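Here is data_13.csv, consisting of CSV, C-alpha atoms:
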chain,number,residue,atom,x,y,z
P,1064,MET,CA,25.3,-35.6,-70.5
P,1065,MET,CA,25.5,-32.1,-69.3
P,1066,ARG,CA,29.2,-31.7,-69.9
P,1067,LYS,CA,30.5,-29.0,-72.2
P,1068,PHE,CA,30.8,-30.1,-75.8
P,1069,LYS,CA,32.6,-28.5,-78.7
P,1070,ARG,CA,30.0,-27.8,-81.4
P,1071,ILE,CA,30.7,-28.7,-85.0
P,1072,ASP,CA,28.0,-27.3,-87.4
P,1073,LEU,CA,27.4,-30.0,-90.1
P,1074,THR,CA,24.2,-28.4,-91.4
P,1075,ASN,CA,25.6,-27.9,-94.9
P,1076,ALA,CA,28.4,-30.5,-94.8
P,1077,THR,CA,29.2,-32.3,-98.0
P,1078,GLU,CA,31.7,-34.7,-96.6
P,1079,ASP,CA,31.6,-37.0,-93.6
P,1080,TYR,CA,33.2,-35.7,-90.5
P,1081,PHE,CA,34.8,-38.0,-87.9
P,1082,LEU,CA,33.4,-36.7,-84.6
P,1083,LYS,CA,35.8,-36.8,-81.7
P,1084,VAL,CA,35.0,-37.6,-78.0
P,1085,GLY,CA,33.7,-34.4,-76.5
P,1086,GLU,CA,32.5,-33.0,-79.8
P,1087,GLU,CA,28.8,-32.3,-80.7
P,1088,ALA,CA,27.6,-32.3,-84.3
P,1089,TYR,CA,24.8,-29.8,-85.0
P,1090,ILE,CA,22.5,-30.3,-88.0
P,1091,SER,CA,19.6,-28.0,-88.8
P,1092,PHE,CA,16.9,-29.2,-91.2
P,1093,SER,CA,13.7,-27.9,-92.7
P,1094,ASP,CA,10.9,-29.8,-94.5
P,1095,ALA,CA,13.2,-32.7,-95.1
P,1096,THR,CA,12.5,-36.3,-95.7
P,1097,GLN,CA,16.2,-37.3,-95.7
P,1098,ILE,CA,18.7,-35.8,-93.3
P,1099,PRO,CA,22.2,-37.1,-93.8
P,1100,LEU,CA,24.1,-36.7,-90.6
P,1101,ARG,CA,27.5,-36.5,-92.4
P,1102,ILE,CA,29.3,-38.2,-89.5
P,1103,ALA,CA,31.9,-40.9,-90.0
P,1104,THR,CA,32.0,-43.6,-87.4
P,1105,GLU,CA,33.9,-46.7,-86.4
P,1106,ALA,CA,33.5,-49.7,-84.0
P,1107,GLY,CA,34.1,-48.7,-80.4
P,1108,THR,CA,32.2,-45.5,-80.5
P,1109,TYR,CA,29.2,-44.4,-78.5
P,1110,TYR,CA,26.9,-41.4,-79.0
P,1111,GLN,CA,23.9,-39.5,-77.7
P,1112,LEU,CA,21.6,-38.2,-80.4
P,1113,LEU,CA,19.0,-35.5,-79.6
P,1114,LEU,CA,16.2,-35.1,-82.1
P,1115,ILE,CA,14.7,-31.7,-81.4
P,1116,SER,CA,11.5,-31.2,-83.5
P,1117,SER,CA,10.3,-27.8,-84.6
P,1118,ASN,CA,7.1,-29.0,-86.3
P,1119,GLN,CA,4.0,-27.4,-84.7
P,1120,GLY,CA,2.3,-29.4,-81.9
P,1121,GLY,CA,-1.0,-31.0,-82.8
P,1122,MET,CA,-2.7,-34.2,-83.9
P,1123,SER,CA,-2.2,-33.8,-87.6
P,1124,GLY,CA,0.6,-33.4,-90.1
P,1125,GLY,CA,2.7,-36.4,-88.9
P,1126,SER,CA,2.6,-40.0,-90.1
P,1127,GLY,CA,2.0,-43.5,-89.0
P,1128,ASP,CA,4.8,-44.7,-91.2
P,1129,ASN,CA,8.3,-45.3,-89.8
P,1130,LEU,CA,11.0,-42.9,-89.1
P,1131,TYR,CA,14.4,-44.5,-89.5
P,1132,LEU,CA,18.1,-44.1,-89.1
P,1133,TYR,CA,19.8,-45.7,-92.2
P,1134,PRO,CA,23.3,-46.7,-91.1
P,1135,ASN,CA,25.8,-46.1,-93.9
P,1136,ASN,CA,23.0,-44.1,-95.6
P,1137,THR,CA,21.3,-47.3,-96.8
P,1138,SER,CA,18.8,-49.9,-95.6
P,1139,TYR,CA,19.4,-53.6,-95.1
P,1140,THR,CA,16.2,-55.7,-95.5
P,1141,ASN,CA,15.3,-57.6,-92.3
P,1142,GLN,CA,18.7,-57.1,-90.7
P,1143,PHE,CA,17.3,-55.0,-87.8
P,1144,ALA,CA,14.7,-55.5,-85.1
P,1145,GLY,CA,13.0,-52.9,-83.0
P,1146,ALA,CA,11.2,-53.2,-79.7
P,1147,GLN,CA,8.9,-50.5,-78.3
P,1148,ILE,CA,6.5,-49.8,-75.5
P,1149,THR,CA,4.0,-47.0,-76.2
P,1150,ARG,CA,1.3,-45.0,-74.3
P,1151,TYR,CA,-0.9,-43.0,-76.5
P,1152,ASN,CA,-2.8,-39.8,-75.7
P,1153,PRO,CA,-6.1,-39.7,-73.8
P,1154,THR,CA,-8.3,-39.7,-76.9
P,1155,THR,CA,-7.3,-43.3,-77.5
P,1156,GLY,CA,-6.5,-44.2,-73.9
P,1157,TYR,CA,-4.5,-47.3,-74.6
P,1158,TYR,CA,-0.9,-48.5,-74.8
P,1159,THR,CA,0.8,-51.0,-77.1
P,1160,ASN,CA,4.0,-52.7,-77.6
P,1161,TRP,CA,5.7,-54.7,-80.3
P,1162,TRP,CA,9.0,-56.3,-81.5
P,1163,THR,CA,9.4,-56.5,-85.3
P,1164,THR,CA,12.1,-57.0,-87.9
P,1165,GLU,CA,13.1,-53.9,-89.7
P,1166,LYS,CA,15.3,-52.6,-92.5
P,1167,ALA,CA,17.2,-50.0,-90.5
P,1168,PHE,CA,17.3,-48.6,-87.0
P,1169,TRP,CA,13.7,-47.7,-86.0
P,1170,LEU,CA,13.3,-44.3,-84.4
P,1171,SER,CA,9.5,-44.0,-84.1
P,1172,HIS,CA,7.0,-42.2,-86.2
P,1173,PRO,CA,7.1,-38.5,-87.2
P,1174,PHE,CA,6.7,-36.1,-85.7
P,1175,CYS,CA,9.2,-37.2,-83.0
P,1176,ASN,CA,11.0,-35.4,-80.3
P,1177,GLY,CA,13.5,-37.1,-77.9
P,1178,PHE,CA,16.9,-38.6,-77.3
P,1179,TYR,CA,18.7,-41.9,-78.1
P,1180,TYR,CA,22.0,-43.5,-77.1
P,1181,ILE,CA,23.8,-45.3,-79.9
P,1182,THR,CA,26.4,-48.1,-79.6
P,1183,ASN,CA,28.7,-49.0,-82.5
P,1184,GLY,CA,30.8,-51.9,-81.5
P,1185,ALA,CA,30.5,-55.7,-81.0
P,1186,VAL,CA,26.8,-54.9,-80.6
P,1187,ARG,CA,25.2,-52.2,-82.7
P,1188,GLU,CA,22.1,-50.8,-81.1
P,1189,LEU,CA,20.2,-47.7,-80.0
P,1190,ARG,CA,17.9,-47.0,-77.1
P,1191,GLY,CA,15.7,-44.0,-76.7
P,1192,ILE,CA,12.8,-42.2,-75.1
P,1193,VAL,CA,10.6,-40.0,-77.4
P,1194,ASP,CA,7.4,-38.1,-77.6
P,1195,THR,CA,5.6,-38.6,-80.9
P,1196,TYR,CA,2.9,-36.2,-82.1
P,1197,GLY,CA,1.2,-35.0,-85.3
P,1198,ARG,CA,-1.2,-38.0,-85.3
P,1199,PRO,CA,-4.8,-38.4,-83.9
P,1200,THR,CA,-3.4,-40.9,-81.4
P,1201,ALA,CA,-0.4,-38.8,-80.3
P,1202,TYR,CA,0.3,-35.4,-78.7
P,1203,PRO,CA,1.5,-36.6,-76.4
P,1204,CYS,CA,2.6,-40.2,-77.1
P,1205,LEU,CA,5.4,-41.6,-74.8
P,1206,ARG,CA,7.5,-44.3,-76.5
P,1207,LEU,CA,10.4,-46.3,-75.2
P,1208,ILE,CA,12.5,-47.8,-78.0
P,1209,ALA,CA,15.4,-50.2,-78.5
P,1210,SER,CA,16.6,-51.1,-82.0
P,1211,THR,CA,19.4,-53.5,-82.9
P,1212,TRP,CA,21.3,-54.3,-86.1
P,1213,ARG,CA,21.3,-58.0,-86.0
P,1214,ASN,CA,24.1,-58.5,-88.4
P,1215,ASN,CA,27.7,-58.2,-87.2
P,1216,ALA,CA,29.4,-58.6,-90.6
P,1217,THR,CA,28.8,-55.3,-92.3
P,1218,PRO,CA,31.1,-52.5,-91.1
P,1219,TRP,CA,29.2,-49.4,-89.8
P,1220,THR,CA,31.3,-46.6,-91.1
P,1221,ILE,CA,28.9,-43.7,-91.6
P,1222,LEU,CA,26.4,-42.9,-88.8
P,1223,GLY,CA,23.8,-42.5,-91.4
P,1224,THR,CA,20.7,-40.7,-92.7
P,1225,VAL,CA,17.5,-40.0,-90.8
P,1226,VAL,CA,14.7,-40.9,-93.2
P,1227,SER,CA,11.1,-39.7,-92.7
P,1228,PRO,CA,7.9,-40.6,-94.6
P,1229,VAL,CA,6.8,-36.9,-94.4
P,1230,PRO,CA,8.8,-33.7,-94.4
P,1231,ILE,CA,10.1,-32.8,-90.9
P,1232,SER,CA,11.9,-29.8,-89.5
P,1233,GLY,CA,14.1,-29.2,-86.5
P,1234,GLU,CA,17.6,-29.8,-85.3
P,1235,ILE,CA,19.7,-32.8,-84.4
P,1236,LEU,CA,22.6,-32.9,-82.0
P,1237,VAL,CA,25.0,-35.9,-82.0
P,1238,ARG,CA,27.4,-36.0,-79.1
P,1239,ARG,CA,30.2,-38.4,-79.1
P,1240,LEU,CA,30.6,-39.8,-75.5
P,1241,LYS,CA,33.2,-42.5,-76.3
S,266,MET,CA,49.1,-4.1,-62.3
S,267,SER,CA,46.1,-6.1,-61.0
S,268,ILE,CA,43.2,-7.5,-63.0
S,269,GLU,CA,40.0,-8.4,-61.3
S,270,LEU,CA,39.2,-12.1,-61.3
S,271,GLY,CA,35.7,-11.5,-62.6
S,272,LEU,CA,37.1,-9.7,-65.6
S,273,LEU,CA,39.5,-12.6,-66.3
S,274,VAL,CA,36.6,-15.1,-66.1
S,275,ASN,CA,34.5,-12.9,-68.5
S,276,ILE,CA,37.4,-12.9,-71.0
S,277,PHE,CA,37.9,-16.6,-70.6
S,278,ASN,CA,34.2,-17.3,-71.2
S,279,GLU,CA,34.0,-15.0,-74.2
S,280,LEU,CA,37.0,-16.6,-75.9
S,281,SER,CA,35.5,-20.0,-75.2
S,282,ARG,CA,32.1,-18.9,-76.6
S,283,MET,CA,33.8,-17.6,-79.8
S,284,GLY,CA,35.5,-21.0,-80.2
S,285,LEU,CA,39.0,-19.4,-79.7
S,286,LEU,CA,39.6,-21.3,-76.5
S,287,ASN,CA,38.6,-25.0,-76.4
S,288,VAL,CA,38.2,-26.2,-72.9
S,289,SER,CA,36.0,-29.2,-73.6
S,290,HIS,CA,38.8,-31.7,-73.3
S,291,ILE,CA,40.6,-30.3,-70.2
S,292,SER,CA,40.8,-32.8,-67.4
S,293,ASP,CA,37.1,-33.7,-67.3
S,294,VAL,CA,37.8,-37.5,-67.7
S,295,VAL,CA,39.3,-39.5,-64.9
S,296,ASN,CA,40.5,-43.0,-65.8
S,297,LEU,CA,39.6,-45.2,-62.8
S,298,THR,CA,40.6,-48.5,-64.6
S,299,GLY,CA,42.7,-50.4,-62.0
S,300,ALA,CA,42.0,-47.9,-59.2
S,301,THR,CA,42.3,-49.4,-55.8
S,302,THR,CA,40.8,-46.6,-53.7
S,303,ASP,CA,37.7,-44.5,-54.1
S,304,TYR,CA,37.9,-41.2,-56.0
S,305,GLU,CA,35.3,-38.5,-55.4
S,306,LEU,CA,34.2,-37.2,-58.8
S,307,GLN,CA,33.7,-33.5,-59.0
S,308,VAL,CA,30.6,-32.0,-60.7
S,309,GLY,CA,31.3,-32.0,-64.4
S,310,GLN,CA,33.9,-34.9,-64.3
S,311,ILE,CA,33.6,-38.2,-66.0
S,312,ALA,CA,35.0,-41.5,-64.7
S,313,TYR,CA,36.1,-44.0,-67.3
S,314,ILE,CA,36.5,-47.7,-66.4
S,315,SER,CA,37.5,-50.5,-68.8
S,316,PHE,CA,37.0,-54.1,-67.9
S,317,THR,CA,37.5,-57.5,-69.4
S,318,ASP,CA,35.9,-60.8,-68.7
S,319,ALA,CA,34.7,-59.6,-65.3
S,320,THR,CA,31.7,-60.6,-63.2
S,321,GLN,CA,32.3,-57.8,-60.7
S,322,VAL,CA,33.5,-54.3,-61.5
S,323,PRO,CA,34.1,-51.9,-58.6
S,324,LEU,CA,33.6,-48.4,-59.7
S,325,HIS,CA,35.9,-46.9,-57.0
S,326,ILE,CA,33.8,-43.7,-56.9
S,327,ALA,CA,33.2,-42.0,-53.5
S,328,THR,CA,29.8,-40.4,-53.4
S,329,PRO,CA,28.5,-37.7,-51.1
S,330,ASN,CA,25.0,-37.1,-50.0
S,331,ASN,CA,23.0,-35.0,-52.5
S,332,SER,CA,24.8,-36.1,-55.6
S,333,TYR,CA,23.5,-37.1,-59.0
S,334,TYR,CA,25.1,-39.2,-61.8
S,335,GLU,CA,24.6,-40.5,-65.3
S,336,LEU,CA,26.0,-44.0,-65.9
S,337,HIS,CA,26.7,-45.7,-69.2
S,338,VAL,CA,27.6,-49.4,-69.5
S,339,ILE,CA,28.9,-50.1,-73.0
S,340,PRO,CA,29.4,-53.8,-73.4
S,341,SER,CA,31.9,-55.2,-76.0
S,342,ASN,CA,30.5,-58.8,-76.0
S,343,THR,CA,29.4,-59.8,-79.5
S,344,GLY,CA,25.8,-59.2,-80.2
S,345,GLY,CA,23.5,-62.3,-80.5
S,346,THR,CA,20.9,-64.4,-78.7
S,347,SER,CA,23.3,-66.7,-76.9
S,348,GLY,CA,26.3,-66.6,-74.7
S,349,GLY,CA,24.7,-64.7,-71.9
S,350,THR,CA,23.0,-65.8,-68.6
S,351,ASP,CA,19.5,-64.8,-68.0
S,352,GLY,CA,20.0,-63.0,-64.7
S,353,ASN,CA,20.1,-59.4,-63.4
S,354,VAL,CA,22.9,-57.0,-63.6
S,355,PHE,CA,23.1,-55.3,-60.2
S,356,LEU,CA,24.7,-52.2,-58.7
S,357,TYR,CA,25.8,-53.0,-55.2
S,358,PRO,CA,25.9,-49.6,-53.3
S,359,ASN,CA,28.7,-49.4,-50.9
S,360,ASN,CA,30.0,-52.5,-52.5
S,361,THR,CA,27.7,-54.7,-50.6
S,362,THR,CA,24.1,-56.1,-50.5
S,363,TYR,CA,21.3,-55.1,-48.2
S,364,SER,CA,18.8,-58.0,-47.8
S,365,GLY,CA,15.5,-57.3,-49.4
S,366,ALA,CA,15.9,-53.5,-49.2
S,367,PHE,CA,15.3,-52.7,-52.9
S,368,TYR,CA,12.3,-52.8,-55.2
S,369,THR,CA,12.5,-52.3,-59.0
S,370,ALA,CA,9.6,-51.4,-61.2
S,371,ARG,CA,10.2,-52.7,-64.7
S,372,LEU,CA,8.6,-52.6,-68.2
S,373,THR,CA,10.0,-55.1,-70.6
S,374,ARG,CA,9.5,-55.9,-74.3
S,375,ASP,CA,11.5,-58.6,-76.0
S,376,GLY,CA,11.0,-61.0,-78.9
S,377,SER,CA,8.5,-63.0,-77.0
S,378,ARG,CA,6.3,-60.7,-74.9
S,379,PHE,CA,5.6,-57.6,-73.0
S,380,ALA,CA,6.0,-57.8,-69.2
S,381,HIS,CA,5.8,-55.6,-66.2
S,382,ASP,CA,6.8,-56.5,-62.6
S,383,CYS,CA,8.4,-55.1,-59.5
S,384,PRO,CA,10.7,-57.6,-57.9
S,385,GLN,CA,12.4,-57.2,-54.5
S,386,SER,CA,16.1,-57.6,-54.4
S,387,SER,CA,19.2,-56.9,-52.3
S,388,ALA,CA,20.8,-54.3,-54.6
S,389,PHE,CA,19.8,-52.0,-57.4
S,390,ILE,CA,18.8,-53.9,-60.6
S,391,ILE,CA,20.3,-52.1,-63.6
S,392,GLY,CA,20.4,-54.7,-66.4
S,393,ARG,CA,19.9,-58.2,-67.6
S,394,ALA,CA,22.4,-60.6,-69.3
S,395,PHE,CA,24.6,-58.5,-71.6
S,396,SER,CA,23.1,-55.0,-71.5
S,397,ALA,CA,23.8,-51.6,-73.0
S,398,ILE,CA,22.8,-49.4,-70.2
S,399,THR,CA,22.1,-45.7,-69.6
S,400,ALA,CA,21.1,-45.0,-66.0
S,401,TRP,CA,20.5,-41.9,-63.9
S,402,ILE,CA,21.5,-42.2,-60.2
S,403,THR,CA,20.2,-40.1,-57.3
S,404,ASN,CA,22.0,-40.2,-54.0
S,405,ARG,CA,20.2,-38.5,-51.2
S,406,THR,CA,20.2,-40.3,-47.9
S,407,GLN,CA,16.5,-39.9,-47.6
S,408,TYR,CA,15.9,-41.0,-51.2
S,409,LYS,CA,18.2,-43.2,-53.3
S,410,ASN,CA,17.1,-44.3,-56.8
S,411,VAL,CA,18.5,-45.6,-60.1
S,412,ARG,CA,16.5,-45.3,-63.3
S,413,ALA,CA,17.7,-47.2,-66.3
S,414,LEU,CA,17.0,-47.7,-70.0
S,415,ILE,CA,18.6,-50.8,-71.3
S,416,ASP,CA,18.9,-53.0,-74.4
S,417,TYR,CA,19.8,-56.5,-73.5
S,418,TYR,CA,21.1,-59.4,-75.5
S,419,GLY,CA,22.9,-62.8,-75.3
S,420,ILE,CA,19.8,-64.7,-74.4
S,421,SER,CA,16.8,-66.1,-76.3
S,422,ASN,CA,14.1,-63.6,-77.5
S,423,SER,CA,16.5,-60.7,-77.0
S,424,TYR,CA,18.7,-58.7,-79.4
S,425,PRO,CA,17.0,-56.3,-78.8
S,426,GLY,CA,15.4,-56.6,-75.4
S,427,LEU,CA,14.0,-53.4,-74.2
S,428,ARG,CA,13.6,-52.7,-70.5
S,429,ALA,CA,12.9,-49.5,-68.6
S,430,MET,CA,13.2,-49.6,-64.9
S,431,SER,CA,13.2,-47.6,-61.7
S,432,SER,CA,15.0,-49.1,-58.7
S,433,ASP,CA,14.5,-47.7,-55.2
S,434,TRP,CA,16.7,-48.4,-52.1
S,435,CYS,CA,13.8,-48.4,-49.6
S,436,ASP,CA,15.9,-47.2,-46.7
S,437,THR,CA,16.0,-43.5,-45.6
S,438,THR,CA,18.9,-43.6,-43.1
S,439,THR,CA,21.8,-45.6,-44.5
S,440,GLU,CA,24.4,-43.4,-46.1
S,441,TRP,CA,25.5,-44.2,-49.6
S,442,THR,CA,29.2,-43.4,-49.6
S,443,SER,CA,30.7,-45.5,-52.3
S,444,LEU,CA,28.9,-45.6,-55.6
S,445,GLY,CA,29.5,-49.3,-55.6
S,446,THR,CA,30.2,-52.4,-57.7
S,447,ILE,CA,28.5,-53.6,-60.8
S,448,VAL,CA,27.8,-57.3,-60.7
S,449,PHE,CA,27.1,-59.2,-63.9
S,450,PRO,CA,25.4,-62.6,-64.3
S,451,GLN,CA,28.2,-63.8,-66.6
S,452,SER,CA,31.7,-62.7,-67.5
S,453,THR,CA,31.4,-59.4,-69.3
S,454,SER,CA,33.7,-57.0,-71.1
S,455,GLY,CA,33.3,-53.4,-72.0
S,456,GLU,CA,33.6,-49.9,-70.7
S,457,ILE,CA,31.8,-47.7,-68.2
S,458,LEU,CA,31.3,-44.0,-68.1
S,459,VAL,CA,30.0,-42.2,-65.0
S,460,PHE,CA,29.3,-38.5,-65.3
S,461,ARG,CA,28.6,-36.5,-62.1
S,462,ALA,CA,26.0,-33.8,-62.8
S,463,ARG,CA,25.4,-32.7,-59.3
Take the structure in this file and express it as C-alpha cells.
Amino acid sequence: MMRKFKRIDLTNATEDYFLKVGEEAYISFSDATQIPLRIATEAGTYYQLLLISSNQGGMSGGSGDNLYLYPNNTSYTNQFAGAQITRYNPTTGYYTNWWTTEKAFWLSHPFCNGFYYITNGAVRELRGIVDTYGRPTAYPCLRLIASTWRNNATPWTILGTVVSPVPISGEILVRRLK
Amino acid sequence: MSIELGLLVNIFNELSRMGLLNVSHISDVVNLTGATTDYELQVGQIAYISFTDATQVPLHIATPNNSYYELHVIPSNTGGTSGGTDGNVFLYPNNTTYSGAFYTARLTRDGSRFAHDCPQSSAFIIGRAFSAITAWITNRTQYKNVRALIDYYGISNSYPGLRAMSSDWCDTTTEWTSLGTIVFPQSTSGEILVFRAR
C-alpha cells in the first residue's frame, strides 16, 4: 500500500514490539544469517513485508538452500507447506513449480528481493512475488510463492526470524495493514 | 497577521518528517460495513468492510474513470482442506454480471499439480474456495483489469493453493461506476480492505 506509515526502527531492538495498524517496522541487517524481526503479533493481524536486498547483483554468492521465516523464532518440522511457480533466467531457459512440506514459512532462496502479504488468523499464510539472484540459474528469477502453516493449534505470537543459509544484507519493512 | 498557506504546509510537513506530528492515523480509514449507498473513496483512503457467513459482499464503493485500487480479502474461516466449495470467487463490477465479457489468465500450483488456463466468465475472477487475496484494480473505461495473487484453501490439494491471475473485462465502452460485489462460492467470513491509490 502506498499510504503513509509511521516508521518504527527495530534494527537494534532487544524486545518484541507490538506493531499497530498504520505502523511500519524498519530493520536493517548486514551479513546476517538470522534476522529477528522483533515484532509481537496476534491472531487477526495482517501485514505486508518488503525484503529489500542490498547484495550485489550477479549469478554467484547466493544459495540453493532455503530462506525461511521462522514464526515464534523457531521451526516446526513438517507443519508447513509451500507452493511456488518459478521462471529462471535465459541461461537455463526453463520454469519449474513444486509444492512441498516445510519446517517454516518458505520465502525462496537467497539472494531474494520482493514482497509478501502475511495473514495471522484462522488461516496462517503468506503470499509473495520475488526476484531471486546470486545463483547460476537466477538473475533474474521470477518466483510466485504461497506458504501455509498447516497447524492451527500453536499460537503465533512473534512474527519471527528470517533465517538464511548464507549471509545476506539489506532492509526489511513490515507494515501492519490490519 | 497573515501566514502564507505554502509556509504552513512546509511547517506541517517538516514536523511530520521529524516525527513530531503523526498524521498516519487521521481519517484515512472509512468503515463501510453495513453501508447502504456507495461511497467514493478519495486517493489515499482505505475502505474497511467486515462480513460474516456471506456469499455476497457489496463493497459500496463508487469508482470514477481513471482510478486504481489495492484490494485485500482476509478470510477468517479456519484453515484446512475441507469446508470450502471448489468454485471461483468473483468481483461483479457495477454489482452485476456481463455475459461472457471477461477472460482470466491463470497460473496455479496446488498439492496435486501445476496448471495454466484462461477461462471466459461473466465477471472478474479473483479467487477460489476460501482465498486470502491481494488484488490490484485498474478502472479505465477503455481498459479494465484486476490482477490477483491468492492462497486458497478449504478444498482438497490446497492449503496452500497458489494462484496468480490477470482478469480483463473485454469491453472498452461500458463505464465501471460501482466497484462492485464480491461473490463467494460458499458462505465466507472475514474482512476486506480497499485502498485507493489513484
Restrict the distance test to all atoms listed in the file, flag each residue of chain S within 6 Å of chain P, and return the flagged residues as number ranges by chain. S: 289, 309, 341-344, 376, 425, 427
So that I can check the surroundings of P:Ser1117, please list as a list of chain:residue names every protein, DNA and RNA residue that reaches within 9 Å of it, counting all atoms listed in the file and ignoring chain neighbours fewer than 4 positions away. P:Ser1093, P:Asn1176, P:Ile1231, P:Ser1232, P:Gly1233, P:Glu1234
Neighbours of stretch 331-340 of chain S within 6 Å (all atoms listed in the file; same-chain residues fewer than 2 positions away dropped), as number ranges by chain? S: 342, 397-405, 454-463
Stretch 1126-1129 of chain P surroundings by only C-alpha atoms, 6 Å radius, close-in-sequence under 3 positions cut, as a ChimeraX atom specification: /P:1171-1173
P:Gly1177: which residues within 10 Å, counting only C-alpha atoms, same-chain residues fewer than 4 positions away excluded, as a list in words? Leu1112, Leu1113, Leu1114, Ile1115, Ser1116, Leu1170, Gly1191, Ile1192, Val1193, Asp1194, Thr1195, Leu1205, Arg1206 and Ile1235 of chain P
Spatial neighbours of S:Arg393, max dist 7 Å, only C-alpha atoms, sep filter under 6 positions, as number ranges by chain: S: 351-354, 417
To one decimal place, how far is atom CA of S:Gly392 from atom CA of S:Ala413 in Å? 8.0 Å
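The spacing separating atom CA of P:Phe1081 from atom CA of P:Gly1223 amounts to 12.4 Å.
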